[in-house]
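> Here you go, work_32.cif (mmCIF, C-alpha atoms):
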```
data_upload
loop_
_atom_site.label_atom_id
_atom_site.label_comp_id
_atom_site.auth_asym_id
_atom_site.auth_seq_id
_atom_site.Cartn_x
_atom_site.Cartn_y
_atom_site.Cartn_z
CA MET G 1 0.55 35.43 5.56
CA ALA G 2 1.25 32.01 7.06
CA SER G 3 -1.02 29.20 6.02
CA PRO G 4 -3.24 27.83 8.80
CA ILE G 5 -1.99 24.71 10.58
CA LYS G 6 -4.16 21.71 9.83
CA ALA G 7 -5.44 19.77 12.82
CA PRO G 8 -4.36 16.13 12.91
CA PRO G 9 -6.99 13.59 11.86
CA THR G 10 -9.32 12.42 14.62
CA SER G 11 -9.60 8.78 15.64
CA LEU G 12 -12.98 8.62 13.88
CA GLN G 13 -11.39 9.86 10.65
CA GLU G 14 -8.63 7.28 10.98
CA LEU G 15 -11.28 4.58 11.38
CA ILE G 16 -13.45 5.70 8.47
CA LYS G 17 -10.61 6.03 5.95
CA GLY G 18 -10.06 2.26 5.89
CA LEU G 19 -13.66 1.62 4.88
CA TRP G 20 -13.36 3.36 1.53
CA ARG G 21 -10.79 6.11 0.90
CA GLU G 22 -7.83 3.86 1.77
CA ASN G 23 -9.53 0.48 1.49
CA PRO G 24 -6.80 -2.20 1.56
CA ILE G 25 -8.29 -4.23 -1.32
CA PHE G 26 -10.07 -1.78 -3.61
CA VAL G 27 -7.61 1.12 -3.24
CA ILE G 28 -4.24 -0.11 -1.94
CA VAL G 29 -4.72 -3.57 -3.54
CA ILE G 30 -2.93 -5.72 -0.96
CA GLY G 31 -3.97 -8.89 0.88
CA LEU G 32 -5.34 -10.49 -2.29
CA CYS G 33 -4.31 -14.07 -1.45
CA PRO G 34 -6.92 -14.69 1.30
CA THR G 35 -9.38 -12.52 -0.62
CA MET G 36 -9.29 -14.89 -3.59
CA ALA G 37 -9.00 -18.11 -1.57
CA ILE G 38 -11.71 -17.94 1.09
CA THR G 39 -14.49 -15.84 -0.46
CA THR G 40 -16.56 -18.80 -1.67
CA THR G 41 -19.14 -18.17 1.09
CA VAL G 42 -20.22 -15.10 3.03
CA ILE G 43 -19.63 -16.88 6.36
CA ASN G 44 -15.99 -17.48 5.43
CA GLY G 45 -15.61 -13.81 4.52
CA LEU G 46 -17.14 -12.60 7.77
CA VAL G 47 -15.06 -14.94 9.95
CA MET G 48 -11.81 -14.14 8.15
CA GLY G 49 -12.62 -10.43 8.31
CA ALA G 50 -13.38 -10.57 12.03
CA ALA G 51 -10.17 -12.47 12.78
CA THR G 52 -8.09 -10.07 10.69
CA THR G 53 -9.74 -7.03 12.32
CA PHE G 54 -8.94 -8.39 15.78
CA VAL G 55 -5.29 -9.01 14.86
CA LEU G 56 -4.98 -5.59 13.22
CA ALA G 57 -6.43 -3.72 16.21
CA ALA G 58 -4.56 -5.70 18.90
CA SER G 59 -1.17 -5.73 17.16
CA SER G 60 -1.44 -2.03 16.25
CA ALA G 61 -2.18 -1.18 19.89
CA MET G 62 0.81 -3.13 21.20
CA ILE G 63 3.22 -1.94 18.51
CA SER G 64 2.15 1.66 19.07
CA GLY G 65 2.56 1.31 22.83
CA LEU G 66 6.06 -0.15 22.44
CA ARG G 67 7.16 1.95 19.46
CA LYS G 68 9.72 3.96 21.43
CA ALA G 69 11.18 0.86 23.08
CA ILE G 70 11.59 -1.29 19.94
CA PRO G 71 15.09 -0.94 18.40
CA GLY G 72 14.97 0.10 14.76
CA PRO G 73 17.19 -2.68 13.34
CA VAL G 74 14.96 -5.46 14.73
CA ARG G 75 11.58 -3.75 14.49
CA ILE G 76 10.22 -5.99 11.69
CA SER G 77 11.11 -9.14 13.63
CA VAL G 78 9.41 -7.75 16.73
CA TYR G 79 6.33 -6.81 14.69
CA VAL G 80 6.09 -10.35 13.30
CA VAL G 81 6.34 -11.88 16.79
CA ILE G 82 3.60 -9.56 18.10
CA ILE G 83 1.35 -10.25 15.12
CA ALA G 84 1.95 -14.01 15.36
CA THR G 85 0.93 -13.94 19.02
CA PHE G 86 -2.46 -12.41 18.27
CA VAL G 87 -2.93 -14.66 15.22
CA SER G 88 -2.47 -17.65 17.54
CA VAL G 89 -5.10 -16.23 19.90
CA ALA G 90 -7.52 -15.80 16.98
CA ASP G 91 -6.74 -19.27 15.62
CA TRP G 92 -7.31 -21.04 18.96
CA SER G 93 -10.44 -19.02 19.70
CA LEU G 94 -12.01 -19.94 16.36
CA ALA G 95 -11.05 -23.59 16.81
CA ALA G 96 -12.82 -23.58 20.20
CA TRP G 97 -15.91 -21.48 19.41
CA LEU G 98 -16.47 -21.90 15.66
CA PRO G 99 -14.92 -25.26 14.74
CA GLU G 100 -16.80 -25.60 11.43
CA ALA G 101 -15.68 -22.16 10.20
CA HIS G 102 -12.16 -22.85 11.44
CA LYS G 103 -12.12 -26.10 9.46
CA GLN G 104 -13.37 -24.35 6.32
CA LEU G 105 -10.72 -21.63 6.50
CA GLY G 106 -7.94 -24.09 7.29
CA ALA G 107 -4.41 -22.71 7.11
CA PHE G 108 -5.56 -19.24 6.03
CA ILE G 109 -6.20 -18.24 9.65
CA ALA G 110 -2.59 -19.01 10.56
CA LEU G 111 -1.43 -17.23 7.40
CA ILE G 112 -2.91 -13.95 8.67
CA VAL G 113 0.56 -13.42 10.18
CA VAL G 114 2.00 -12.82 6.69
CA ASN G 115 -0.91 -10.72 5.43
CA CYS G 116 0.60 -7.56 3.91
CA ILE G 117 -2.20 -5.43 5.35
CA ILE G 118 -1.21 -6.12 8.96
CA LEU G 119 2.55 -5.70 8.63
CA GLY G 120 2.02 -2.72 6.37
CA ARG G 121 -0.16 -0.88 8.91
CA ALA G 122 2.29 -1.73 11.68
CA GLU G 123 5.17 -0.14 9.78
CA ALA G 124 3.28 2.74 8.14
CA PHE G 125 1.01 3.82 10.99
CA ALA G 126 1.20 2.08 14.38
CA ALA G 127 4.96 2.55 14.68
CA LYS G 128 4.56 6.32 14.21
CA ASN G 129 1.35 7.20 16.06
CA PRO G 130 -0.21 7.01 19.56
CA VAL G 131 -2.22 4.02 20.71
CA VAL G 132 -5.81 5.26 20.24
CA PRO G 133 -5.40 6.42 16.60
CA SER G 134 -3.50 3.20 15.88
CA ILE G 135 -6.37 1.10 17.22
CA ALA G 136 -8.83 3.15 15.14
CA ASP G 137 -6.65 2.69 12.06
CA GLY G 138 -6.47 -1.07 12.65
CA ILE G 139 -10.22 -1.43 13.16
CA GLY G 140 -10.97 0.72 10.11
CA MET G 141 -8.64 -1.26 7.86
CA GLY G 142 -10.06 -4.51 9.21
CA LEU G 143 -13.65 -3.41 8.61
CA GLY G 144 -12.73 -2.25 5.11
CA PHE G 145 -11.14 -5.64 4.45
CA THR G 146 -14.24 -7.40 5.80
CA LEU G 147 -16.52 -5.25 3.65
CA VAL G 148 -14.69 -6.27 0.48
CA LEU G 149 -14.64 -9.94 1.50
CA VAL G 150 -18.43 -9.85 1.83
CA MET G 151 -18.85 -7.93 -1.43
CA ILE G 152 -16.84 -10.59 -3.26
CA SER G 153 -18.15 -13.66 -1.43
CA ALA G 154 -21.85 -12.73 -1.74
CA PRO G 155 -22.13 -13.00 -5.56
CA ARG G 156 -19.80 -16.01 -5.57
CA GLU G 157 -21.96 -17.91 -3.07
CA VAL G 158 -25.26 -16.88 -4.65
CA LEU G 159 -24.22 -17.83 -8.19
CA GLY G 160 -21.87 -20.68 -7.30
CA ALA G 161 -24.01 -22.47 -4.73
CA GLY G 162 -27.44 -20.87 -4.94
CA THR G 163 -27.33 -19.90 -1.26
CA PHE G 164 -26.68 -16.85 0.93
CA LEU G 165 -25.29 -17.43 4.42
CA GLY G 166 -26.02 -21.10 3.76
CA ILE G 167 -29.75 -20.45 3.13
CA PRO G 168 -31.03 -21.81 -0.23
CA LEU G 169 -32.36 -19.07 -2.50
CA PHE G 170 -33.50 -20.98 -5.57
CA GLY G 171 -35.36 -24.16 -6.30
CA LYS G 172 -33.95 -27.54 -7.23
CA SER G 173 -33.91 -26.54 -10.88
CA PHE G 174 -31.13 -23.98 -10.27
CA GLU G 175 -27.88 -24.94 -11.95
CA PRO G 176 -24.91 -23.56 -9.94
CA TRP G 177 -22.18 -21.66 -11.77
CA VAL G 178 -19.34 -23.91 -10.70
CA ILE G 179 -16.72 -21.46 -11.93
CA MET G 180 -17.79 -18.97 -9.24
CA VAL G 181 -16.58 -21.20 -6.41
CA MET G 182 -13.29 -21.87 -8.22
CA PRO G 183 -10.26 -19.50 -8.23
CA PRO G 184 -11.21 -17.93 -11.62
CA GLY G 185 -14.55 -16.91 -10.10
CA GLY G 186 -12.76 -14.88 -7.44
CA PHE G 187 -10.66 -13.03 -10.00
CA LEU G 188 -13.67 -12.40 -12.26
CA THR G 189 -15.71 -11.01 -9.36
CA LEU G 190 -12.86 -8.79 -8.14
CA ALA G 191 -12.21 -7.53 -11.69
CA ALA G 192 -15.90 -6.71 -12.19
CA GLU G 193 -16.13 -4.81 -8.90
CA LEU G 194 -12.88 -2.91 -9.50
CA SER G 195 -14.16 -1.96 -12.96
CA LEU G 196 -17.43 -0.66 -11.48
CA LEU G 197 -15.48 1.30 -8.87
CA ALA G 198 -13.22 2.84 -11.53
CA TRP G 199 -16.26 3.77 -13.64
CA TRP G 200 -17.97 5.38 -10.63
CA LYS G 201 -14.84 7.38 -9.71
CA ASP G 202 -14.40 8.59 -13.29
CA ARG G 203 -18.07 9.60 -13.46
CA SER G 204 -17.83 11.47 -10.15
CA GLU G 205 -14.69 13.35 -11.28
CA LYS G 206 -16.35 14.38 -14.54
CA LYS G 207 -19.38 15.69 -12.63
CA LYS G 208 -17.15 17.71 -10.30
CA ALA G 209 -15.24 19.13 -13.27
CA ALA G 210 -18.48 20.10 -15.01
CA LEU G 211 -19.78 21.84 -11.90
CA SER G 212 -16.53 23.73 -11.25
CA ALA G 213 -16.08 24.91 -14.87
CA PRO G 214 -18.70 27.74 -14.72
CA LEU G 215 -17.24 29.00 -11.44
CA GLN G 216 -13.73 29.17 -12.93
CA GLU G 217 -15.03 31.03 -15.97
CA ALA G 218 -16.81 33.54 -13.74
CA VAL G 219 -13.60 34.22 -11.82
#
```
Could I get this file's structure written as structure tokens?

Amino acid sequence: MASPIKAPPTSLQELIKGLWRENPIFVIVIGLCPTMAITTTVINGLVMGAATTFVLAASSAMISGLRKAIPGPVRISVYVVIIATFVSVADWSLAAWLPEAHKQLGAFIALIVVNCIILGRAEAFAAKNPVVPSIADGIGMGLGFTLVLVMISAPREVLGAGTFLGIPLFGKSFEPWVIMVMPPGGFLTLAAELSLLAWWKDRSEKKKAALSAPLQEAV
């Protein structure tokens, strides 16, 4: 008897996978340079995440639409040119509309062009799939990236500056943890969150194994 043919993933499934199951930071562990560098405040994380999401979605759409016309030997060069074009759009838009955030992020906006997440999704997904799923994949990966940036920047800002979104949370007696706004603070926060995620996954797997054991014995 032939096994049933599985339906291809829907655009919604492609979008959701980037939030958790294939999260670029927590699962695939790429794009760590901007993650460590700019997550000193939540605003920085949100702005960088929004810019990266825009570049991911727009470049994935164009690469997918041109995938049959791009010669294989020069595809990476073409991808970089396409990505750089949308990075420039994001950079100029932030400089015009959010100058303070643009100043805080500095060169890291321009460096989105070399972010492994974007080139990786272009090669692994957009170059092999239609436009709509590619856009969904790009948005999902961008939102997953933004989620992690906020998860890392929130404790760093709260403990390192005593604020959240720039709003003071504690009185004048609060002594900021200076290390949290320094590079070691980023690595410590990421390590703590990855450890919690690993513990949660291990706990979930043990629960599933315990629940399935009686069923296997019955069979």
> Name the closest residue to G:Leu159 among the candidates G:Val47, G:Ser60, G:Thr41, G:Ala122; distances are taken between atoms, counting all atoms listed in the file.
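Closest to G:Leu159, using all atoms listed in the file: G:Thr41.
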> Write out as a list in words each polymer residue whose atoms come within 9 Å of G:Ile16, counting only C-alpha atoms; drop sequence neighbours fewer than 3 positions from it.
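Listing them by chain and then by number gives Ser11, Leu12, Gln13, Leu19, Trp20, Arg21, Glu22, Ala136, Asp137, Gly140, Met141 and Gly144 of chain G.
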> Could you list, as a list in words, every residue matched by the PyMOL selection byres ((chain G and resi 24-33) around 6) in this structure?
Glu22, Asn23, Pro34, Thr35, Met36, Asn115, Cys116 and Ile117 of chain G
> Please provide as a ChimeraX atom specification all residues within 10 Å of G:Gly160, with the sequence filter that same-chain residues fewer than 3 positions apart are discarded (counting all atoms listed in the file).
/G:40-41,153-157,163,175-182,185
> Any idea what the distance is between atom CA of G:Leu143 and atom CA of G:Ala69?
29.1 Å
> For atom CA of G:Arg121 and atom CA of G:Thr10, quote the distance in Å rounded to one decimal.
17.1 Å
> Between G:Ile152, G:Lys207, G:Leu165, G:Pro133, which residue has the minimum interatomic distance to G:Thr189, considering all atoms listed in the file?
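Closest residue, counting all atoms listed in the file: G:Ile152.
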> How close does stretch 124-189 of chain G get to stretch 70-92 of chain G? List, as JSON lines, each residue of stretch 124-189 of chain G within 12 Å, its nearest atom pair and the distance in Å to one decimal, counting all atoms listed in the file.

```
{"residue": "G:Ala124", "atom": "CA", "partner": "G:Ile76", "partner_atom": "CA", "distance": 11.7}
{"residue": "G:Ala126", "atom": "CA", "partner": "G:Tyr79", "partner_atom": "CA", "distance": 10.3}
{"residue": "G:Ala127", "atom": "CA", "partner": "G:Arg75", "partner_atom": "CA", "distance": 9.1}
{"residue": "G:Lys128", "atom": "CA", "partner": "G:Ile70", "partner_atom": "CA", "distance": 11.8}
```
> In Å, how far is it from atom CA of G:Ile63 to atom CA of G:Leu111?
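Taking atom CA of G:Ile63 and atom CA of G:Leu111, their separation equals 19.5 Å.
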> Out of G:Thr52, G:Ser204, G:Ser64, G:Ser59, which residue has the shortest atom-to-atom distance to G:Pro130 when counting only C-alpha atoms?
G:Ser64
> My list of candidates is G:Leu94, G:Leu105, G:Phe125, G:Gly138. Which is closest to G:Leu15 when distances are computed with only C-alpha atoms?
G:Gly138
> Taking N, CA and C atoms as the atom set, what does stretch 177-206 of chain G look like once completed, written as a PDB file, in the frame of the given file?

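Final output, saved to part.pdb:
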```
ATOM      1  N   TRP G 177     -23.307 -22.037 -10.911  1.00  0.00           N
ATOM      2  CA  TRP G 177     -22.180 -21.660 -11.770  1.00  0.00           C
ATOM      3  C   TRP G 177     -20.904 -22.130 -11.069  1.00  0.00           C
ATOM      4  N   VAL G 178     -20.457 -23.300 -11.413  1.00  0.00           N
ATOM      5  CA  VAL G 178     -19.340 -23.910 -10.700  1.00  0.00           C
ATOM      6  C   VAL G 178     -18.096 -23.026 -10.729  1.00  0.00           C
ATOM      7  N   ILE G 179     -17.920 -22.294 -11.805  1.00  0.00           N
ATOM      8  CA  ILE G 179     -16.720 -21.460 -11.930  1.00  0.00           C
ATOM      9  C   ILE G 179     -16.631 -20.422 -10.813  1.00  0.00           C
ATOM     10  N   MET G 180     -17.786 -20.016 -10.253  1.00  0.00           N
ATOM     11  CA  MET G 180     -17.790 -18.970  -9.240  1.00  0.00           C
ATOM     12  C   MET G 180     -17.188 -19.428  -7.915  1.00  0.00           C
ATOM     13  N   VAL G 181     -17.184 -20.717  -7.639  1.00  0.00           N
ATOM     14  CA  VAL G 181     -16.580 -21.200  -6.410  1.00  0.00           C
ATOM     15  C   VAL G 181     -15.161 -21.727  -6.660  1.00  0.00           C
ATOM     16  N   MET G 182     -14.677 -21.525  -7.867  1.00  0.00           N
ATOM     17  CA  MET G 182     -13.290 -21.870  -8.220  1.00  0.00           C
ATOM     18  C   MET G 182     -12.450 -20.597  -8.245  1.00  0.00           C
ATOM     19  N   PRO G 183     -11.108 -20.712  -8.222  1.00  0.00           N
ATOM     20  CA  PRO G 183     -10.260 -19.500  -8.230  1.00  0.00           C
ATOM     21  C   PRO G 183     -10.587 -18.504  -9.333  1.00  0.00           C
ATOM     22  N   PRO G 184     -10.865 -18.941 -10.595  1.00  0.00           N
ATOM     23  CA  PRO G 184     -11.210 -17.930 -11.620  1.00  0.00           C
ATOM     24  C   PRO G 184     -12.421 -17.090 -11.254  1.00  0.00           C
ATOM     25  N   GLY G 185     -13.376 -17.681 -10.505  1.00  0.00           N
ATOM     26  CA  GLY G 185     -14.550 -16.910 -10.100  1.00  0.00           C
ATOM     27  C   GLY G 185     -14.199 -15.761  -9.186  1.00  0.00           C
ATOM     28  N   GLY G 186     -13.204 -15.960  -8.312  1.00  0.00           N
ATOM     29  CA  GLY G 186     -12.760 -14.880  -7.440  1.00  0.00           C
ATOM     30  C   GLY G 186     -12.149 -13.737  -8.224  1.00  0.00           C
ATOM     31  N   PHE G 187     -11.297 -14.076  -9.192  1.00  0.00           N
ATOM     32  CA  PHE G 187     -10.660 -13.030 -10.000  1.00  0.00           C
ATOM     33  C   PHE G 187     -11.677 -12.307 -10.872  1.00  0.00           C
ATOM     34  N   LEU G 188     -12.644 -13.045 -11.431  1.00  0.00           N
ATOM     35  CA  LEU G 188     -13.670 -12.400 -12.260  1.00  0.00           C
ATOM     36  C   LEU G 188     -14.519 -11.440 -11.427  1.00  0.00           C
ATOM     37  N   THR G 189     -14.894 -11.867 -10.217  1.00  0.00           N
ATOM     38  CA  THR G 189     -15.710 -11.010  -9.360  1.00  0.00           C
ATOM     39  C   THR G 189     -14.940  -9.762  -8.945  1.00  0.00           C
ATOM     40  N   LEU G 190     -13.676  -9.938  -8.532  1.00  0.00           N
ATOM     41  CA  LEU G 190     -12.860  -8.790  -8.140  1.00  0.00           C
ATOM     42  C   LEU G 190     -12.676  -7.835  -9.316  1.00  0.00           C
ATOM     43  N   ALA G 191     -12.411  -8.380 -10.501  1.00  0.00           N
ATOM     44  CA  ALA G 191     -12.210  -7.530 -11.690  1.00  0.00           C
ATOM     45  C   ALA G 191     -13.479  -6.736 -12.004  1.00  0.00           C
ATOM     46  N   ALA G 192     -14.636  -7.395 -11.900  1.00  0.00           N
ATOM     47  CA  ALA G 192     -15.900  -6.710 -12.190  1.00  0.00           C
ATOM     48  C   ALA G 192     -16.146  -5.577 -11.196  1.00  0.00           C
ATOM     49  N   GLU G 193     -15.882  -5.831  -9.920  1.00  0.00           N
ATOM     50  CA  GLU G 193     -16.130  -4.810  -8.900  1.00  0.00           C
ATOM     51  C   GLU G 193     -15.123  -3.669  -8.986  1.00  0.00           C
ATOM     52  N   LEU G 194     -13.871  -3.980  -9.300  1.00  0.00           N
ATOM     53  CA  LEU G 194     -12.880  -2.910  -9.500  1.00  0.00           C
ATOM     54  C   LEU G 194     -13.235  -2.066 -10.723  1.00  0.00           C
ATOM     55  N   SER G 195     -13.752  -2.700 -11.766  1.00  0.00           N
ATOM     56  CA  SER G 195     -14.160  -1.960 -12.960  1.00  0.00           C
ATOM     57  C   SER G 195     -15.324  -1.019 -12.651  1.00  0.00           C
ATOM     58  N   LEU G 196     -16.296  -1.505 -11.881  1.00  0.00           N
ATOM     59  CA  LEU G 196     -17.430  -0.660 -11.480  1.00  0.00           C
ATOM     60  C   LEU G 196     -16.957   0.513 -10.620  1.00  0.00           C
ATOM     61  N   LEU G 197     -16.015   0.238  -9.726  1.00  0.00           N
ATOM     62  CA  LEU G 197     -15.480   1.300  -8.870  1.00  0.00           C
ATOM     63  C   LEU G 197     -14.744   2.340  -9.692  1.00  0.00           C
ATOM     64  N   ALA G 198     -13.943   1.904 -10.669  1.00  0.00           N
ATOM     65  CA  ALA G 198     -13.220   2.840 -11.530  1.00  0.00           C
ATOM     66  C   ALA G 198     -14.189   3.679 -12.356  1.00  0.00           C
ATOM     67  N   TRP G 199     -15.249   3.034 -12.859  1.00  0.00           N
ATOM     68  CA  TRP G 199     -16.260   3.770 -13.640  1.00  0.00           C
ATOM     69  C   TRP G 199     -16.940   4.826 -12.767  1.00  0.00           C
ATOM     70  N   TRP G 200     -17.291   4.450 -11.537  1.00  0.00           N
ATOM     71  CA  TRP G 200     -17.970   5.380 -10.630  1.00  0.00           C
ATOM     72  C   TRP G 200     -17.061   6.565 -10.279  1.00  0.00           C
ATOM     73  N   LYS G 201     -15.787   6.295 -10.026  1.00  0.00           N
ATOM     74  CA  LYS G 201     -14.840   7.380  -9.710  1.00  0.00           C
ATOM     75  C   LYS G 201     -14.682   8.319 -10.894  1.00  0.00           C
ATOM     76  N   ASP G 202     -14.559   7.753 -12.094  1.00  0.00           N
ATOM     77  CA  ASP G 202     -14.400   8.590 -13.290  1.00  0.00           C
ATOM     78  C   ASP G 202     -15.640   9.438 -13.510  1.00  0.00           C
ATOM     79  N   ARG G 203     -16.809   8.861 -13.294  1.00  0.00           N
ATOM     80  CA  ARG G 203     -18.070   9.600 -13.460  1.00  0.00           C
ATOM     81  C   ARG G 203     -18.169  10.727 -12.432  1.00  0.00           C
ATOM     82  N   SER G 204     -17.774  10.457 -11.198  1.00  0.00           N
ATOM     83  CA  SER G 204     -17.830  11.470 -10.150  1.00  0.00           C
ATOM     84  C   SER G 204     -16.878  12.626 -10.454  1.00  0.00           C
ATOM     85  N   GLU G 205     -15.667  12.299 -10.943  1.00  0.00           N
ATOM     86  CA  GLU G 205     -14.690  13.350 -11.280  1.00  0.00           C
ATOM     87  C   GLU G 205     -15.184  14.212 -12.430  1.00  0.00           C
ATOM     88  N   LYS G 206     -15.828  13.607 -13.414  1.00  0.00           N
ATOM     89  CA  LYS G 206     -16.350  14.380 -14.540  1.00  0.00           C
ATOM     90  C   LYS G 206     -17.473  15.319 -14.090  1.00  0.00           C
TER      91      LYS G 206
END
```
